[in-house]
Amino acid sequence: MIVCAGGNENFDFAKAIGVGLVESAINLTQFCLMYRPKDILFIGTCGIYDKGEILELYESFHAFNVEFAKLSHNFYTPAKSEIFISSQGYRVNSSNYICNDSKAAKKFANLGLHFENMEAFAVLSVAKKFGISAKCLLCATNFCDENAHENFTKNHQKAKEKLVCYLKNNCYI
């Protein structure tokens, strides 16, 4: 089953699961209960914390939910903040916020995180709970810096086209 966030990141061949951690986890759980997929491919875009190329595709089976609050060392959480189907690929961080500060992005990179995507952690968490094979295929639209939103907007359509091209060339669709 191919899934995407939806909203401005819709694909006609993918099921939209919602934007952010909560909405995507709830809706993907409902899809898994109804359809019992044998695997899940989540497609979307991502921001780069430190190293990477704009409009390149990145695969991940390993996601985190590390919030900015952790960087201040004034907060902790008992909630699980790491999920992996496999340690292959890149480490993606999910939050309900988009990082637009290069200093914060560098701190996330120093934790071993490569990219950010709002739904990846929820997708892999739901898949693992149901024992479903899953991966994330993400196209980078921006660096996580002061120009993050402007560059995301500028590159978003091209990133979606690159994802579609990859999926067609690799017989996913």
# chains A, B, ... in the order shown; residues from 1 in each chain; ligands from 1
>>> residues_around(residues="Val19 in chain A", least_positions_apart="4", cutoff="7 Å", atoms="only C-alpha atoms", output="list in words")
Ala5, Gly6, Glu23, Ser24 and Glu119 of chain A
>>> residues_around(residues="range 76-84 of chain A", least_positions_apart="4", cutoff="8 Å", atoms="only C-alpha atoms", output="PyMOL selection string")
chain A and resi 61-66+70+121+124-125+128
>>> residues_around(residues="Lys51 in chain A", least_positions_apart="3", cutoff="10 Å", atoms="only C-alpha atoms", output="PyMOL selection string")
chain A and resi 48+54+106+109+114-115+143
>>> residues_around(residues="Asn96 in chain A", least_positions_apart="3", cutoff="7 Å", atoms="only C-alpha atoms", output="NGL selection string")
:A and (20-21 or 118)
>>> write_last_selection(atoms="C-alpha atoms", output="mmCIF file, in the first residue's frame")
data_model
loop_
_atom_site.group_PDB
_atom_site.id
_atom_site.type_symbol
_atom_site.label_atom_id
_atom_site.label_comp_id
_atom_site.auth_asym_id
_atom_site.auth_seq_id
_atom_site.Cartn_x
_atom_site.Cartn_y
_atom_site.Cartn_z
ATOM 1 C CA GLY A 20 1.540 15.363 11.317
ATOM 2 C CA LEU A 21 2.069 12.612 13.833
ATOM 3 C CA MET A 118 6.284 15.148 9.908
#
>>> closest_atom_pairs(of="range 56-100 of chain A", to="range 129-142 of chain A", cutoff="6 Å", atoms="only C-alpha atoms", output="tab-separated table")
residue	atom	partner	partner_atom	distance
A:Glu56	CA	A:Cys139	CA	5.5
A:Leu57	CA	A:Cys139	CA	4.4
A:Tyr58	CA	A:Leu138	CA	5.2
A:Glu59	CA	A:Leu137	CA	4.7
A:Ser60	CA	A:Cys136	CA	5.1
A:Phe61	CA	A:Lys135	CA	4.9
>>> select_by_dssp(residues="range 2-105 of chain A", states="strand (DSSP E)", output="CSV table (one decimal) with N, CA, C and O atoms, in the first residue's frame")
chain,number,residue,atom,x,y,z
A,2,ILE,N,0.6,2.1,-0.9
A,2,ILE,CA,1.4,3.4,-1.0
A,2,ILE,C,0.5,4.5,-0.2
A,2,ILE,O,-0.7,4.6,-0.5
A,3,VAL,N,1.2,5.2,0.7
A,3,VAL,CA,0.5,6.2,1.5
A,3,VAL,C,1.3,7.5,1.4
A,3,VAL,O,2.5,7.5,1.1
A,4,CYS,N,0.5,8.6,1.6
A,4,CYS,CA,1.2,9.9,1.6
A,4,CYS,C,0.4,10.8,2.6
A,4,CYS,O,-0.6,10.4,3.1
A,15,LYS,N,-2.9,6.5,-0.8
A,15,LYS,CA,-3.9,6.8,0.2
A,15,LYS,C,-3.4,7.9,1.1
A,15,LYS,O,-2.3,7.8,1.7
A,16,ALA,N,-4.1,9.0,1.2
A,16,ALA,CA,-3.7,10.1,2.1
A,16,ALA,C,-4.0,9.7,3.6
A,16,ALA,O,-5.1,9.3,3.9
A,39,ASP,N,2.6,-4.7,3.0
A,39,ASP,CA,3.7,-3.7,3.2
A,39,ASP,C,3.2,-2.3,2.9
A,39,ASP,O,2.1,-2.1,2.3
A,40,ILE,N,3.9,-1.3,3.5
A,40,ILE,CA,3.6,0.1,3.3
A,40,ILE,C,4.8,0.9,2.8
A,40,ILE,O,5.9,0.7,3.3
A,41,LEU,N,4.5,1.7,1.8
A,41,LEU,CA,5.5,2.6,1.3
A,41,LEU,C,4.9,4.0,1.5
A,41,LEU,O,3.9,4.4,0.9
A,42,PHE,N,5.6,4.7,2.4
A,42,PHE,CA,5.2,6.1,2.6
A,42,PHE,C,6.0,7.0,1.7
A,42,PHE,O,7.3,6.9,1.7
A,43,ILE,N,5.4,7.9,0.9
A,43,ILE,CA,6.1,8.8,0.1
A,43,ILE,C,5.8,10.2,0.5
A,43,ILE,O,4.7,10.6,0.9
A,44,GLY,N,6.8,11.1,0.4
A,44,GLY,CA,6.7,12.5,0.8
A,44,GLY,C,7.9,13.3,0.6
A,44,GLY,O,8.9,12.8,-0.1
A,45,THR,N,8.0,14.4,1.2
A,45,THR,CA,9.1,15.3,1.1
A,45,THR,C,9.8,15.4,2.5
A,45,THR,O,9.2,15.0,3.5
A,46,CYS,N,11.0,15.9,2.5
A,46,CYS,CA,11.7,16.1,3.7
A,46,CYS,C,12.6,17.3,3.7
A,46,CYS,O,12.9,17.8,2.6
A,47,GLY,N,13.0,17.8,4.8
A,47,GLY,CA,14.0,18.8,5.0
A,47,GLY,C,15.3,18.2,5.4
A,47,GLY,O,15.3,17.2,6.1
A,48,ILE,N,16.4,18.8,5.0
A,48,ILE,CA,17.7,18.3,5.3
A,48,ILE,C,18.3,19.1,6.5
A,48,ILE,O,18.3,20.3,6.5
A,57,LEU,N,16.4,11.7,-3.7
A,57,LEU,CA,15.5,10.8,-3.0
A,57,LEU,C,16.3,10.0,-1.9
A,57,LEU,O,17.4,9.7,-2.1
A,58,TYR,N,15.6,9.9,-0.7
A,58,TYR,CA,16.2,9.2,0.4
A,58,TYR,C,15.2,8.2,1.0
A,58,TYR,O,14.1,8.5,1.1
A,59,GLU,N,15.8,7.0,1.3
A,59,GLU,CA,15.0,5.9,1.8
A,59,GLU,C,15.3,5.8,3.3
A,59,GLU,O,16.4,5.9,3.7
A,60,SER,N,14.2,5.5,4.1
A,60,SER,CA,14.4,5.3,5.5
A,60,SER,C,13.5,4.2,6.0
A,60,SER,O,12.3,4.1,5.6
A,61,PHE,N,14.0,3.4,6.9
A,61,PHE,CA,13.3,2.4,7.7
A,61,PHE,C,13.5,2.8,9.2
A,61,PHE,O,13.2,1.9,10.0
A,62,HIS,N,14.0,3.9,9.5
A,62,HIS,CA,14.4,4.3,10.9
A,62,HIS,C,14.0,5.7,11.2
A,62,HIS,O,14.5,6.7,10.5
A,63,ALA,N,13.1,5.9,12.1
A,63,ALA,CA,12.5,7.2,12.4
A,63,ALA,C,12.6,7.5,13.9
A,63,ALA,O,12.6,6.7,14.7
A,64,PHE,N,12.6,8.8,14.2
A,64,PHE,CA,12.7,9.3,15.5
A,64,PHE,C,11.6,10.4,15.7
A,64,PHE,O,11.1,11.0,14.8
A,82,GLU,N,12.1,6.4,19.3
A,82,GLU,CA,12.8,5.8,18.2
A,82,GLU,C,12.1,4.6,17.7
A,82,GLU,O,11.6,3.8,18.5
A,83,ILE,N,11.9,4.4,16.4
A,83,ILE,CA,11.3,3.2,15.8
A,83,ILE,C,12.1,2.8,14.6
A,83,ILE,O,12.5,3.7,13.8
A,84,PHE,N,12.3,1.6,14.4
A,84,PHE,CA,13.0,1.1,13.2
A,84,PHE,C,12.4,-0.2,12.8
A,84,PHE,O,12.1,-1.1,13.6
A,85,ILE,N,12.3,-0.3,11.5
A,85,ILE,CA,11.9,-1.6,10.9
A,85,ILE,C,13.3,-2.3,10.5
A,85,ILE,O,13.4,-3.5,10.6
A,86,SER,N,14.2,-1.4,10.1
A,86,SER,CA,15.6,-1.9,9.8
A,86,SER,C,16.5,-0.7,10.0
A,86,SER,O,16.0,0.5,9.9
A,87,SER,N,17.7,-0.9,10.3
A,87,SER,CA,18.6,0.2,10.5
A,87,SER,C,19.2,0.7,9.2
A,87,SER,O,20.0,1.6,9.1
A,88,GLN,N,18.7,0.2,8.0
A,88,GLN,CA,19.2,0.6,6.7
A,88,GLN,C,18.7,2.0,6.5
A,88,GLN,O,17.7,2.5,7.0
A,89,GLY,N,19.3,2.7,5.5
A,89,GLY,CA,18.8,4.0,5.1
A,89,GLY,C,19.2,5.1,6.1
A,89,GLY,O,20.0,4.9,6.9
A,91,ARG,N,18.3,8.3,8.8
A,91,ARG,CA,17.5,8.5,10.1
A,91,ARG,C,16.6,9.8,9.9
A,91,ARG,O,17.2,10.9,9.7
A,92,VAL,N,15.3,9.6,10.0
A,92,VAL,CA,14.4,10.7,9.8
A,92,VAL,C,13.8,11.1,11.1
A,92,VAL,O,13.3,10.2,11.9
A,93,ASN,N,13.7,12.3,11.4
A,93,ASN,CA,13.1,12.8,12.6
A,93,ASN,C,11.7,13.4,12.3
A,93,ASN,O,11.5,14.1,11.3
>>> select_by_dssp(residues="range 25-141 of chain A", states="alpha helix (DSSP H)", output="PyMOL selection string")
chain A and resi 25-35+68-71+102-110+120-130
>>> write_last_selection(atoms="N, CA, C and O atoms", output="short mmCIF file (atom, residue, chain, number, x, y, z; two decimals), in the first residue's frame")
data_model
loop_
_atom_site.label_atom_id
_atom_site.label_comp_id
_atom_site.auth_asym_id
_atom_site.auth_seq_id
_atom_site.Cartn_x
_atom_site.Cartn_y
_atom_site.Cartn_z
N ALA A 25 -1.10 8.78 12.25
CA ALA A 25 -1.14 7.53 13.01
C ALA A 25 -2.57 6.99 13.11
O ALA A 25 -2.81 5.79 12.92
N ILE A 26 -3.52 7.86 13.38
CA ILE A 26 -4.92 7.43 13.50
C ILE A 26 -5.43 6.88 12.17
O ILE A 26 -5.98 5.78 12.10
N ASN A 27 -5.23 7.64 11.10
CA ASN A 27 -5.76 7.22 9.80
C ASN A 27 -5.05 6.00 9.24
O ASN A 27 -5.69 5.12 8.65
N LEU A 28 -3.74 5.90 9.42
CA LEU A 28 -3.03 4.71 8.94
C LEU A 28 -3.46 3.47 9.73
O LEU A 28 -3.60 2.40 9.15
N THR A 29 -3.70 3.62 11.01
CA THR A 29 -4.20 2.50 11.81
C THR A 29 -5.55 2.02 11.26
O THR A 29 -5.77 0.82 11.09
N GLN A 30 -6.43 2.96 10.94
CA GLN A 30 -7.73 2.58 10.35
C GLN A 30 -7.54 1.84 9.02
O GLN A 30 -8.18 0.83 8.78
N PHE A 31 -6.64 2.33 8.16
CA PHE A 31 -6.37 1.65 6.88
C PHE A 31 -5.83 0.25 7.12
O PHE A 31 -6.22 -0.69 6.44
N CYS A 32 -4.93 0.11 8.08
CA CYS A 32 -4.34 -1.22 8.35
C CYS A 32 -5.40 -2.19 8.86
O CYS A 32 -5.38 -3.37 8.50
N LEU A 33 -6.31 -1.71 9.68
CA LEU A 33 -7.38 -2.57 10.17
C LEU A 33 -8.34 -2.98 9.05
O LEU A 33 -8.82 -4.10 9.02
N MET A 34 -8.60 -2.07 8.13
CA MET A 34 -9.54 -2.35 7.03
C MET A 34 -8.91 -3.19 5.92
O MET A 34 -9.52 -4.11 5.42
N TYR A 35 -7.67 -2.87 5.54
CA TYR A 35 -7.09 -3.48 4.34
C TYR A 35 -6.02 -4.53 4.62
O TYR A 35 -5.67 -5.29 3.72
N PHE A 68 12.37 19.74 19.63
CA PHE A 68 13.35 20.78 19.93
C PHE A 68 13.59 20.88 21.44
O PHE A 68 14.70 21.19 21.88
N ALA A 69 12.57 20.61 22.24
CA ALA A 69 12.70 20.70 23.69
C ALA A 69 13.84 19.82 24.21
O ALA A 69 14.51 20.18 25.18
N LYS A 70 14.11 18.70 23.55
CA LYS A 70 15.20 17.82 23.99
C LYS A 70 16.56 18.51 23.86
O LYS A 70 17.46 18.27 24.66
N LEU A 71 16.69 19.39 22.89
CA LEU A 71 17.97 20.06 22.69
C LEU A 71 18.32 21.02 23.82
O LEU A 71 19.49 21.32 24.03
N SER A 102 19.02 27.12 11.36
CA SER A 102 20.19 26.32 11.00
C SER A 102 20.98 25.83 12.22
O SER A 102 21.55 24.75 12.19
N LYS A 103 20.98 26.60 13.30
CA LYS A 103 21.70 26.16 14.51
C LYS A 103 20.99 24.97 15.14
O LYS A 103 21.62 24.01 15.58
N ALA A 104 19.67 25.02 15.19
CA ALA A 104 18.91 23.88 15.72
C ALA A 104 19.09 22.66 14.81
O ALA A 104 19.25 21.53 15.29
N ALA A 105 19.06 22.89 13.50
CA ALA A 105 19.24 21.79 12.55
C ALA A 105 20.58 21.11 12.76
O ALA A 105 20.68 19.87 12.72
N LYS A 106 21.61 21.88 13.01
CA LYS A 106 22.94 21.32 13.26
C LYS A 106 22.93 20.46 14.53
O LYS A 106 23.55 19.40 14.57
N LYS A 107 22.19 20.91 15.55
CA LYS A 107 22.08 20.12 16.79
C LYS A 107 21.35 18.80 16.52
O LYS A 107 21.74 17.76 17.06
N PHE A 108 20.30 18.83 15.71
CA PHE A 108 19.62 17.58 15.34
C PHE A 108 20.58 16.68 14.58
O PHE A 108 20.64 15.47 14.82
N ALA A 109 21.35 17.25 13.67
CA ALA A 109 22.33 16.46 12.91
C ALA A 109 23.37 15.85 13.85
O ALA A 109 23.78 14.69 13.67
N ASN A 110 23.79 16.59 14.87
CA ASN A 110 24.76 16.06 15.83
C ASN A 110 24.21 14.90 16.65
O ASN A 110 24.99 14.14 17.23
N ALA A 120 6.83 10.39 9.19
CA ALA A 120 7.62 9.15 9.11
C ALA A 120 7.57 8.33 10.39
O ALA A 120 7.40 7.10 10.35
N PHE A 121 7.73 8.96 11.54
CA PHE A 121 7.72 8.24 12.81
C PHE A 121 6.38 7.54 13.04
O PHE A 121 6.33 6.39 13.46
N ALA A 122 5.30 8.22 12.74
CA ALA A 122 3.97 7.62 12.91
C ALA A 122 3.78 6.44 11.97
O ALA A 122 3.27 5.39 12.37
N VAL A 123 4.20 6.60 10.72
CA VAL A 123 4.05 5.51 9.74
C VAL A 123 4.80 4.27 10.18
O VAL A 123 4.25 3.16 10.21
N LEU A 124 6.06 4.42 10.54
CA LEU A 124 6.85 3.25 10.94
C LEU A 124 6.36 2.67 12.26
O LEU A 124 6.40 1.45 12.45
N SER A 125 5.86 3.51 13.16
CA SER A 125 5.32 3.02 14.43
C SER A 125 4.08 2.15 14.21
O SER A 125 3.95 1.07 14.79
N VAL A 126 3.17 2.61 13.36
CA VAL A 126 1.96 1.84 13.07
C VAL A 126 2.33 0.54 12.36
O VAL A 126 1.83 -0.54 12.71
N ALA A 127 3.22 0.62 11.39
CA ALA A 127 3.63 -0.59 10.66
C ALA A 127 4.24 -1.61 11.61
O ALA A 127 3.91 -2.81 11.54
N LYS A 128 5.11 -1.17 12.48
CA LYS A 128 5.75 -2.10 13.42
C LYS A 128 4.72 -2.73 14.35
O LYS A 128 4.77 -3.94 14.62
N LYS A 129 3.77 -1.95 14.81
CA LYS A 129 2.72 -2.46 15.71
C LYS A 129 1.92 -3.58 15.04
O LYS A 129 1.54 -4.55 15.67
N PHE A 130 1.67 -3.44 13.73
CA PHE A 130 0.90 -4.44 12.99
C PHE A 130 1.77 -5.51 12.35
O PHE A 130 1.26 -6.40 11.66
#
>>> closest_residue(among="A:Glu9, A:Met1, A:Asn117, A:Asn170", to="Thr153 in chain A", atoms="only C-alpha atoms")
A:Glu9
>>> atom_distance(atom1="CA of Phe75 in chain A", atom2="CA of His149 in chain A")
27.1 Å
>>> atom_distance(atom1="CA of Gly52 in chain A", atom2="CA of Tyr90 in chain A")
10.7 Å
>>> atom_distance(atom1="CA of Ala14 in chain A", atom2="CA of Lys38 in chain A")
15.3 Å
>>> residues_around(residues="Asn100 in chain A", least_positions_apart="2", cutoff="6 Å", atoms="only C-alpha atoms", output="PyMOL selection string")
chain A and resi 144-146+148
>>> write_last_selection(atoms="N, CA and C atoms", output="PDB file, in the first residue's frame")
ATOM      1  N   CYS A 144      17.015  22.793   6.477  1.00  0.00           N
ATOM      2  CA  CYS A 144      16.311  23.321   7.648  1.00  0.00           C
ATOM      3  C   CYS A 144      17.051  24.566   8.125  1.00  0.00           C
ATOM      4  N   ASP A 145      16.703  25.674   7.527  1.00  0.00           N
ATOM      5  CA  ASP A 145      17.325  26.952   7.852  1.00  0.00           C
ATOM      6  C   ASP A 145      16.285  28.066   7.720  1.00  0.00           C
ATOM      7  N   GLU A 146      16.741  29.279   7.760  1.00  0.00           N
ATOM      8  CA  GLU A 146      15.847  30.425   7.751  1.00  0.00           C
ATOM      9  C   GLU A 146      15.029  30.543   6.460  1.00  0.00           C
ATOM     10  N   ALA A 148      13.759  27.814   4.881  1.00  0.00           N
ATOM     11  CA  ALA A 148      13.152  26.490   4.726  1.00  0.00           C
ATOM     12  C   ALA A 148      11.810  26.544   4.007  1.00  0.00           C
TER      13      ALA A 148
END
>>> decode(residues="range 72-99 of chain A", atoms="N, CA and C atoms", output="short mmCIF file (atom, residue, chain, number, x, y, z; two decimals), in the first residue's frame")
data_model
loop_
_atom_site.label_atom_id
_atom_site.label_comp_id
_atom_site.auth_asym_id
_atom_site.auth_seq_id
_atom_site.Cartn_x
_atom_site.Cartn_y
_atom_site.Cartn_z
N SER A 72 17.31 21.49 24.54
CA SER A 72 17.56 22.43 25.64
C SER A 72 17.96 21.71 26.92
N HIS A 73 17.77 20.40 26.98
CA HIS A 73 18.08 19.58 28.16
C HIS A 73 17.22 19.95 29.37
N ASN A 74 16.12 20.67 29.15
CA ASN A 74 15.22 21.03 30.24
C ASN A 74 13.96 20.18 30.27
N PHE A 75 13.86 19.23 29.35
CA PHE A 75 12.67 18.39 29.25
C PHE A 75 13.10 16.95 29.04
N TYR A 76 12.24 16.03 29.41
CA TYR A 76 12.43 14.62 29.09
C TYR A 76 11.06 14.03 28.83
N THR A 77 11.05 12.86 28.23
CA THR A 77 9.78 12.19 27.98
C THR A 77 9.93 10.70 28.22
N PRO A 78 8.91 10.07 28.78
CA PRO A 78 8.93 8.62 28.89
C PRO A 78 8.44 7.95 27.60
N ALA A 79 7.96 8.74 26.65
CA ALA A 79 7.45 8.18 25.40
C ALA A 79 8.60 7.65 24.55
N LYS A 80 8.30 6.57 23.83
CA LYS A 80 9.29 6.01 22.92
C LYS A 80 9.58 7.03 21.82
N SER A 81 10.87 7.26 21.55
CA SER A 81 11.21 8.28 20.56
C SER A 81 12.02 7.72 19.38
N GLU A 82 12.13 6.41 19.29
CA GLU A 82 12.84 5.80 18.16
C GLU A 82 12.08 4.56 17.72
N ILE A 83 11.94 4.42 16.41
CA ILE A 83 11.29 3.23 15.84
C ILE A 83 12.06 2.85 14.59
N PHE A 84 12.30 1.56 14.44
CA PHE A 84 12.95 1.14 13.21
C PHE A 84 12.43 -0.20 12.78
N ILE A 85 12.27 -0.32 11.50
CA ILE A 85 11.94 -1.58 10.86
C ILE A 85 13.27 -2.25 10.51
N SER A 86 14.22 -1.44 10.11
CA SER A 86 15.57 -1.87 9.78
C SER A 86 16.46 -0.66 10.00
N SER A 87 17.71 -0.90 10.31
CA SER A 87 18.63 0.24 10.49
C SER A 87 19.20 0.72 9.16
N GLN A 88 18.73 0.16 8.05
CA GLN A 88 19.17 0.62 6.73
C GLN A 88 18.66 2.02 6.46
N GLY A 89 19.31 2.68 5.53
CA GLY A 89 18.83 3.98 5.09
C GLY A 89 19.17 5.09 6.06
N TYR A 90 18.46 6.17 5.91
CA TYR A 90 18.73 7.38 6.67
C TYR A 90 17.83 7.48 7.89
N ARG A 91 18.26 8.30 8.84
CA ARG A 91 17.49 8.53 10.06
C ARG A 91 16.64 9.79 9.88
N VAL A 92 15.33 9.60 9.97
CA VAL A 92 14.38 10.69 9.77
C VAL A 92 13.75 11.07 11.10
N ASN A 93 13.69 12.34 11.37
CA ASN A 93 13.06 12.84 12.59
C ASN A 93 11.69 13.40 12.26
N SER A 94 10.72 13.11 13.11
CA SER A 94 9.36 13.61 12.93
C SER A 94 8.95 14.46 14.13
N SER A 95 8.32 15.55 13.83
CA SER A 95 7.78 16.45 14.82
C SER A 95 6.56 17.10 14.20
N ASN A 96 5.75 17.72 14.99
CA ASN A 96 4.63 18.48 14.43
C ASN A 96 5.05 19.89 14.05
N TYR A 97 6.35 20.12 14.06
CA TYR A 97 6.90 21.42 13.71
C TYR A 97 7.97 21.26 12.65
N ILE A 98 8.17 22.30 11.86
CA ILE A 98 9.21 22.32 10.84
C ILE A 98 10.36 23.18 11.35
N CYS A 99 11.55 22.66 11.26
CA CYS A 99 12.73 23.40 11.72
C CYS A 99 13.13 24.44 10.67
#
